[in-house]
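Participant: Can you keep this structure in mind? I'll have questions shortly.
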Amino acid sequence: MVNLTIDGKSVSVPKGATILEAARQVDIHIPTLCWLEKVSTTGACRICAVEIEGVDRPMTACNTPVKEGIVVTTQSEKLTRIRKQIMELILVNHPLDCPVCDAGGECELQNTCYDLDVTRQEFKAEDVNAATIDHWPLIQQVPSRCILCEKCVKVCHELIGADALFVNDKGDRAFIDKNVENCLYCGNCVSVCPTGTMISKPFKFKARPWALRKVPSVCGYCPSQCQIDINVQNNEVYRVTSNDAGTTNNGNLCIGGFFGYGYINSKERLQEPKVENISTSWDKALERVVTEIERIKAESGPAAIAGFASPRLTNEENYLFQKLFRAAIGSNNIDTEARFGAMRALQALDQGLGLRGASNKLETIGKADAVLVFGADPSAEAPAVDWQIQNAVRRGDGKLVMANMRRTHLSQFANCELTYRPGSEVALAKGLGRLLVNRNLIDEDDLNRSVANLDELKDDLAAVDLDQVVQATGLSLSALEQAADIIGRADNVVIVFGSDITRSSQGTEKSAAIVNLAIMSGALRPAGGLFPLDEKGNTQGVLDMGICPENLPGYLPYSAHKAKFESAWKCTLPEGGLDAEGILQGIEAGKIRFLYLAATNPQAFPNSSRWMKALEKVEVLVVQDIFPTDVTKMATVVLPGSSYAEKTGSFTSLDQTVRSFNQAIRPVGQSREDWTIFAELYGRLTRSQVSFSRSGLLKEVSALTSLYEDVCFLDDDRRTCLKQPYAVADKGLTYQLITVADESEGLQLLTGTSVGHFGTTSTWAPAPLEVEPEGLIQISPADSQQVGVNDGDKVKLTSSYGSTTGKVKITSKLPEGLLFAPHNFTALGIQQLVADGNNRTSVQVVKA
């Protein structure tokens with residue numbers, strides 16, 4: 001520790017700390033404009049000048065390291081004079097447009113001028129400011145307001161890794177410019193700008209900051225669940241912000257979090273109930289639902305009724321949905337889209353580790369010595385995971401291994417890239433495991449203690465033929481050895497895997513192979529982690545709440561624990577139950593006559609054309625959603641639900657942190673919070689007076705399950721509760737034997753989520769659509785030459801399940817033989833080309 005004195009106060013700080021950091025430790029305020037705690041120092045503004053005893057000139061506090069015994073003065077007449085002159089120089093040719101500047105009221109430059117009593121301008125200079133830059137999507141840049149603090153440049157480079165922003169020109173002609181093709185439109189440059197230089201176009205001239213009410217909330221677009229503030233006025237969302245201090249995302253947001261709120265205010269929202277496509281009252285709509293349920297139950301029994309809940313709903317809503325179906329309707333035919341991905345990962349985790357989600361907290365990733373990203377695009381599926389990986393491998397000393405079929409945003413930072421052949425995931429995982437053994441990179445003592453079937457593990461890996469692994473994956477042995485060395489030599493290992501794995505036809509087996517690799521690599525140690533990703537916001541919560549026929553809430557096996565819930569709910573629960581595939585087959589066979597879709601659109605399901613044809617056969621279709629779709633057009637009854645901003649509840653993030661949030665605005669039109677719809681249907685069906693509340697529902701979950709037994713409630717205004725990290729018990733790990741092979745022949749199409757969109761919801765938000773207005777079929781340069789197409793040309797894709805036509809985007813991120821298309825856009829209809837429960841298929845491509 002280094003000891004120093006600041007303004008008469010003694011302070012001890014670690015070696016390498018700056019004077020500014022030391023001053024903050026003892027609550028001494030030093031003015032700054034260019035300093036930002038979460039990025040490296042710039043020392044550009046000079047406002048933080050301080051005096052050091054024995055030094056003949058002022059020093060900048062933000063980038064001057066402390067020394068033993070120094071005496072620092074932060075306030076004096078000399079410093080005040082210097083700071084005022086610096087401010088006057090900064091303000092040369094700064095426009096006096098504060099009344100129309102969007103930063104008015106929260107401008108750091110304005111506040112500093114006030115604090116330093118800068119009331120007039122003593123300097124003049126030729127105005128050589130660049131013209132306003134207005135051609136960038138979503139963001140306007142006003143160079144005349146810029147003080148060249150470079151906060152935006154540093155956030156873009158150091159935290160997001162986009163390297164879009166840079167300083168153009170020199171001297172007083174310098175200004176912030178952008179390589180537009182690199183921009184991810186995260187909006188963080190707007191957030192950190194201390195003036196009105198970087199302006200959000202969607203917010204420009206909409207409201208004054210001091211007139212907005214900030215409501216703490218949680219972004220539900222992806223499973224990172226960044227902590228945000230919804231800025232509202234007159235029951236309308238005007239913008240979304242996030243504070244650096246006190247948030248798990250450190251104030252950083254992505255395009256969805258910062259710009260994606262526009263769908264909440266959309267005029268296209270469903271705002272009134274409908275029966276047979278005719279507007280009606282809530283009473284009549286709900287009565288129709290109840291009447292149809294009772295009629296079909298009387299004619300065919302409750303087994304003829306099925307429903308889907310959603311990762312877009314809160315924990316409380318999903319819990320109430322399954323209770324409505326099981327206790328009030330008498331049907332266990334319930335499922336969610338997690339069936340096609342996340343649930344497969346959960347099954348593998350449970351089988352091998354007794355784990356039902358990520359093994360550690362999100363911030364663990366940022367401290368890793370080695371990170372393996374396997375079959376995932378964290379930038380698209382969970383951007384906060386991307387930022388944590390960059391913390392580890394760019395700001396820290398960690399190394400990154402990228403094992404994917406295609407290159408992604410994070411590939412540029414990889415120390416080792418394993419671009420494997422489609423379908424070879426199991427072979428690759430086993431090959432890496434074998435190399436860890438061959439190169440003496442495993443902890444034998446740890447495996448002896450923790451693995452229950454160590455002999456099977458050894459026998460299975462001994463049988464792995466590395467020559468066959470090389471042939472199957474298309475990778476060189478040296479690349480595999482490099483990856484094994486990075487993973488095996490690291491003390492703290494993190495493995496992240498995603499939808500390329502989990503949404504494939506053998507997602508459970510492939511996930512199990514990665515779980516096995518986690519056991520071998522030491523990723524399950526306290527400072528490591530295993531993180532399965534799914535793009536939807538509350539996927540962990542929907543699984544926790546038991547929206548599947550196999551489990552009750554808290555992952556309690558349905559048959560074994562049915563009696564416990566019957567006693568608590570005072571009812572008789574049904575036997576058996578159908579999952580998504582069983583429901584689909586039941587509809588096609590005419591056995592499922594009533595289907596309830598809550599915040600669910602089967603147009604996004606694999607083999608979507610089969611689902612859409614099946615929906616035509618459903619006798620009664622109830623759709624509860626927030627936007628009109630092809631599915632709502634088919635519905636018998638449409639019930640307008642609400643967005644996350646219009647409800648109170650909780651989500652559970654990918655690292656099993658439960659985050660509560662409050663209603664920011666009232667539901668639009670006649671729409672209602674989804675849980676109130678379920679509650680009223682429950683009361684009408686059971687002919688009882690029910691009084692559900694959010695807190696009451698969570699208490700019920702806690703009483704019936706062990707789901708929240710080990711949570712730790714934080715003392716914060718966001719009511720956050722953390723689940724304890726996973727701890728490996730003696731003989732608590734099971735190595736899973738996997739023998740499957742996923743063959744791929746011909747040109748392959750892979751479907752997944754776009755970096756700029758989240759599910760289908762963001763395609764109703766104007767801002768993300770401005771950046772990515774439609775789904776494009778991505779193709780490699782080599783394949784584009786063979787097909788004879790250029791950027792923007794249309795192609796027709798045909799598989800054995802269907803066909804579609806879309807525009808082409810040529811990209812070097814794809815290897816020859818692989819296409820990629822986003823499933824976010826129902827108009828593209830890419831999901832009709834893949835088989836049930838799959839994300840990849842062989843296709844033929846022709847120019848359209």
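Each chain in the structure tokens gets a letter, A, B, ..., in the order shown, and its residues are numbered from 1; ligands are numbered from 1 in order too.
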Just want the 12 Å neighbourhood of Leu681 of chain A, counted on only C-alpha atoms, with same-chain residues fewer than 6 positions away dropped. Output as a list of chain:residue names.
Facilitator: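 These residues fall inside the cut-off: A:Trp282, A:Asp283, A:Ala285, A:Leu286, A:Glu287, A:Arg288, A:Val289, A:Val290, A:Thr291, A:Ile293, A:Glu294, A:Leu320, A:Phe321, A:Lys323, A:Leu324, A:Phe325, A:Ala327, A:Ala328, A:Ile329, A:Leu639, A:Asp674, A:Trp675, A:Arg687, A:Ser688, A:Gln689, A:Val690, A:Phe692.
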Participant: Keeping N, CA, C and O atoms for every residue in the selection just given, could you write it to a file as a JSON list (two decimals), in the first residue's frame?
Facilitator:
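selection-v7.json, freshly written:
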```
[["chain", "number", "residue", "atom", "x", "y", "z"],
["A", 282, "TRP", "N", -63.53, -7.33, -22.53],
["A", 282, "TRP", "CA", -62.78, -8.36, -21.83],
["A", 282, "TRP", "C", -63.71, -9.42, -21.26],
["A", 282, "TRP", "O", -63.41, -10.62, -21.31],
["A", 283, "ASP", "N", -64.84, -9.01, -20.75],
["A", 283, "ASP", "CA", -65.78, -9.97, -20.17],
["A", 283, "ASP", "C", -66.22, -11.00, -21.20],
["A", 283, "ASP", "O", -66.23, -12.20, -20.93],
["A", 285, "ALA", "N", -64.71, -11.75, -24.07],
["A", 285, "ALA", "CA", -63.57, -12.53, -24.56],
["A", 285, "ALA", "C", -63.20, -13.65, -23.58],
["A", 285, "ALA", "O", -63.01, -14.80, -23.97],
["A", 286, "LEU", "N", -63.12, -13.30, -22.31],
["A", 286, "LEU", "CA", -62.78, -14.32, -21.31],
["A", 286, "LEU", "C", -63.88, -15.35, -21.15],
["A", 286, "LEU", "O", -63.62, -16.54, -20.95],
["A", 287, "GLU", "N", -65.12, -14.90, -21.26],
["A", 287, "GLU", "CA", -66.24, -15.84, -21.17],
["A", 287, "GLU", "C", -66.20, -16.83, -22.32],
["A", 287, "GLU", "O", -66.51, -18.01, -22.16],
["A", 288, "ARG", "N", -65.81, -16.34, -23.51],
["A", 288, "ARG", "CA", -65.70, -17.24, -24.67],
["A", 288, "ARG", "C", -64.61, -18.29, -24.43],
["A", 288, "ARG", "O", -64.80, -19.48, -24.73],
["A", 289, "VAL", "N", -63.47, -17.86, -23.88],
["A", 289, "VAL", "CA", -62.40, -18.80, -23.58],
["A", 289, "VAL", "C", -62.87, -19.87, -22.60],
["A", 289, "VAL", "O", -62.68, -21.08, -22.80],
["A", 290, "VAL", "N", -63.52, -19.43, -21.52],
["A", 290, "VAL", "CA", -64.00, -20.36, -20.50],
["A", 290, "VAL", "C", -65.05, -21.30, -21.07],
["A", 290, "VAL", "O", -65.02, -22.52, -20.81],
["A", 291, "THR", "N", -65.96, -20.77, -21.84],
["A", 291, "THR", "CA", -67.03, -21.59, -22.43],
["A", 291, "THR", "C", -66.45, -22.68, -23.33],
["A", 291, "THR", "O", -66.87, -23.84, -23.29],
["A", 293, "ILE", "N", -63.36, -23.91, -23.25],
["A", 293, "ILE", "CA", -62.63, -24.90, -22.44],
["A", 293, "ILE", "C", -63.60, -25.91, -21.83],
["A", 293, "ILE", "O", -63.38, -27.13, -21.89],
["A", 294, "GLU", "N", -64.68, -25.41, -21.26],
["A", 294, "GLU", "CA", -65.64, -26.30, -20.60],
["A", 294, "GLU", "C", -66.34, -27.20, -21.61],
["A", 294, "GLU", "O", -66.61, -28.37, -21.33],
["A", 320, "LEU", "N", -48.10, -19.03, -12.79],
["A", 320, "LEU", "CA", -49.56, -19.02, -12.78],
["A", 320, "LEU", "C", -50.14, -19.72, -14.01],
["A", 320, "LEU", "O", -51.19, -20.35, -13.94],
["A", 321, "PHE", "N", -49.43, -19.64, -15.13],
["A", 321, "PHE", "CA", -49.88, -20.32, -16.35],
["A", 321, "PHE", "C", -49.95, -21.82, -16.14],
["A", 321, "PHE", "O", -50.96, -22.47, -16.47],
["A", 323, "LYS", "N", -50.13, -23.40, -13.35],
["A", 323, "LYS", "CA", -51.15, -23.70, -12.34],
["A", 323, "LYS", "C", -52.55, -23.63, -12.96],
["A", 323, "LYS", "O", -53.42, -24.45, -12.65],
["A", 324, "LEU", "N", -52.76, -22.64, -13.82],
["A", 324, "LEU", "CA", -54.03, -22.53, -14.53],
["A", 324, "LEU", "C", -54.32, -23.81, -15.31],
["A", 324, "LEU", "O", -55.44, -24.36, -15.25],
["A", 325, "PHE", "N", -53.34, -24.30, -16.03],
["A", 325, "PHE", "CA", -53.55, -25.49, -16.86],
["A", 325, "PHE", "C", -53.71, -26.74, -16.02],
["A", 325, "PHE", "O", -54.61, -27.55, -16.26],
["A", 327, "ALA", "N", -54.23, -27.13, -12.56],
["A", 327, "ALA", "CA", -55.20, -27.16, -11.47],
["A", 327, "ALA", "C", -56.60, -26.75, -11.91],
["A", 327, "ALA", "O", -57.59, -27.34, -11.46],
["A", 328, "ALA", "N", -56.71, -25.75, -12.79],
["A", 328, "ALA", "CA", -58.03, -25.24, -13.17],
["A", 328, "ALA", "C", -58.59, -25.93, -14.40],
["A", 328, "ALA", "O", -59.78, -26.22, -14.46],
["A", 329, "ILE", "N", -57.73, -26.21, -15.38],
["A", 329, "ILE", "CA", -58.20, -26.87, -16.61],
["A", 329, "ILE", "C", -58.10, -28.38, -16.49],
["A", 329, "ILE", "O", -58.94, -29.11, -17.00],
["A", 639, "LEU", "N", -56.21, -12.09, -26.92],
["A", 639, "LEU", "CA", -56.15, -11.38, -25.64],
["A", 639, "LEU", "C", -54.89, -10.53, -25.63],
["A", 639, "LEU", "O", -53.78, -11.06, -25.69],
["A", 674, "ASP", "N", -50.18, -9.80, -18.17],
["A", 674, "ASP", "CA", -50.51, -11.19, -18.52],
["A", 674, "ASP", "C", -50.95, -12.00, -17.32],
["A", 674, "ASP", "O", -51.84, -12.85, -17.43],
["A", 675, "TRP", "N", -50.35, -11.75, -16.16],
["A", 675, "TRP", "CA", -50.71, -12.57, -15.00],
["A", 675, "TRP", "C", -52.14, -12.31, -14.56],
["A", 675, "TRP", "O", -52.81, -13.20, -14.04],
["A", 687, "ARG", "N", -64.63, -21.32, -10.47],
["A", 687, "ARG", "CA", -65.82, -20.76, -9.80],
["A", 687, "ARG", "C", -65.48, -20.34, -8.36],
["A", 687, "ARG", "O", -66.21, -20.61, -7.43],
["A", 688, "SER", "N", -64.32, -19.69, -8.23],
["A", 688, "SER", "CA", -63.88, -19.31, -6.88],
["A", 688, "SER", "C", -63.36, -17.88, -6.89],
["A", 688, "SER", "O", -62.98, -17.35, -7.93],
["A", 689, "GLN", "N", -63.38, -17.30, -5.72],
["A", 689, "GLN", "CA", -62.80, -15.97, -5.56],
["A", 689, "GLN", "C", -61.31, -16.14, -5.32],
["A", 689, "GLN", "O", -60.90, -16.67, -4.29],
["A", 690, "VAL", "N", -60.50, -15.72, -6.28],
["A", 690, "VAL", "CA", -59.06, -15.87, -6.13],
["A", 690, "VAL", "C", -58.43, -14.50, -5.95],
["A", 690, "VAL", "O", -58.92, -13.50, -6.48],
["A", 692, "PHE", "N", -54.70, -13.50, -6.32],
["A", 692, "PHE", "CA", -53.28, -13.71, -6.56],
["A", 692, "PHE", "C", -52.54, -12.38, -6.49],
["A", 692, "PHE", "O", -53.05, -11.35, -6.86]]
```
Participant: Determine, counting only C-alpha atoms, which protein, DNA and RNA residues have an atom within 9 Å of an atom of Arg610 of chain A; residues of the same chain fewer than 5 positions away are not included. Present the result as a list in words.
Facilitator: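 In the requested format, the answer is Leu584, Leu615, Tyr801, Gln832 and Asp836 of chain A.
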Participant: Using only C-alpha atoms, determine which residues lie at most 9 Å from segment 207-216 of chain A, disregarding the query and same-chain residues fewer than 4 positions distant; provide the list as a count of residues only.
Facilitator: 23
Participant: Under the rule that only C-alpha atoms are counted, which of A:Ile133, A:Leu165, A:Val192, A:Ala306 is the nearest residue to Lys178 of chain A?
Facilitator: A:Leu165
Participant: Can you list every residue in segment 293-501 of chain A that DSSP puts in helix (DSSP H, G or I), as a VMD selection string?
Facilitator: chain A and resid 293 to 300 302 to 304 315 to 329 337 to 340 342 to 353 362 to 367 378 to 381 383 to 395 409 to 413 425 to 438 444 to 450 454 to 462 466 to 473 477 to 488 499 to 501
Participant: Rounded to one decimal place, report the atom CA of Arg593 of chain A-atom CA of Asn277 of chain A distance in Å.
Facilitator: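 These two atoms are separated by 19.2 Å.
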Participant: Which polymer residues have any atom within 7 Å of an atom of Gly837 of chain A, counting only C-alpha atoms, with same-chain residues fewer than 6 positions away left out, as a PDB file with C-alpha atoms, in the first residue's frame?
Facilitator:
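Okay, this is what ended up in selection.pdb:
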```pdb
ATOM      1  CA  PHE A 340     -36.061 -26.670 -28.883  1.00  0.00           C
ATOM      2  CA  ARG A 503     -30.876 -25.984 -30.930  1.00  0.00           C
ATOM      3  CA  SER A 504     -29.415 -28.713 -33.123  1.00  0.00           C
ATOM      4  CA  SER A 505     -31.123 -32.079 -33.510  1.00  0.00           C
ATOM      5  CA  PRO A 606     -38.310 -25.172 -36.283  1.00  0.00           C
TER       6      PRO A 606
END
```
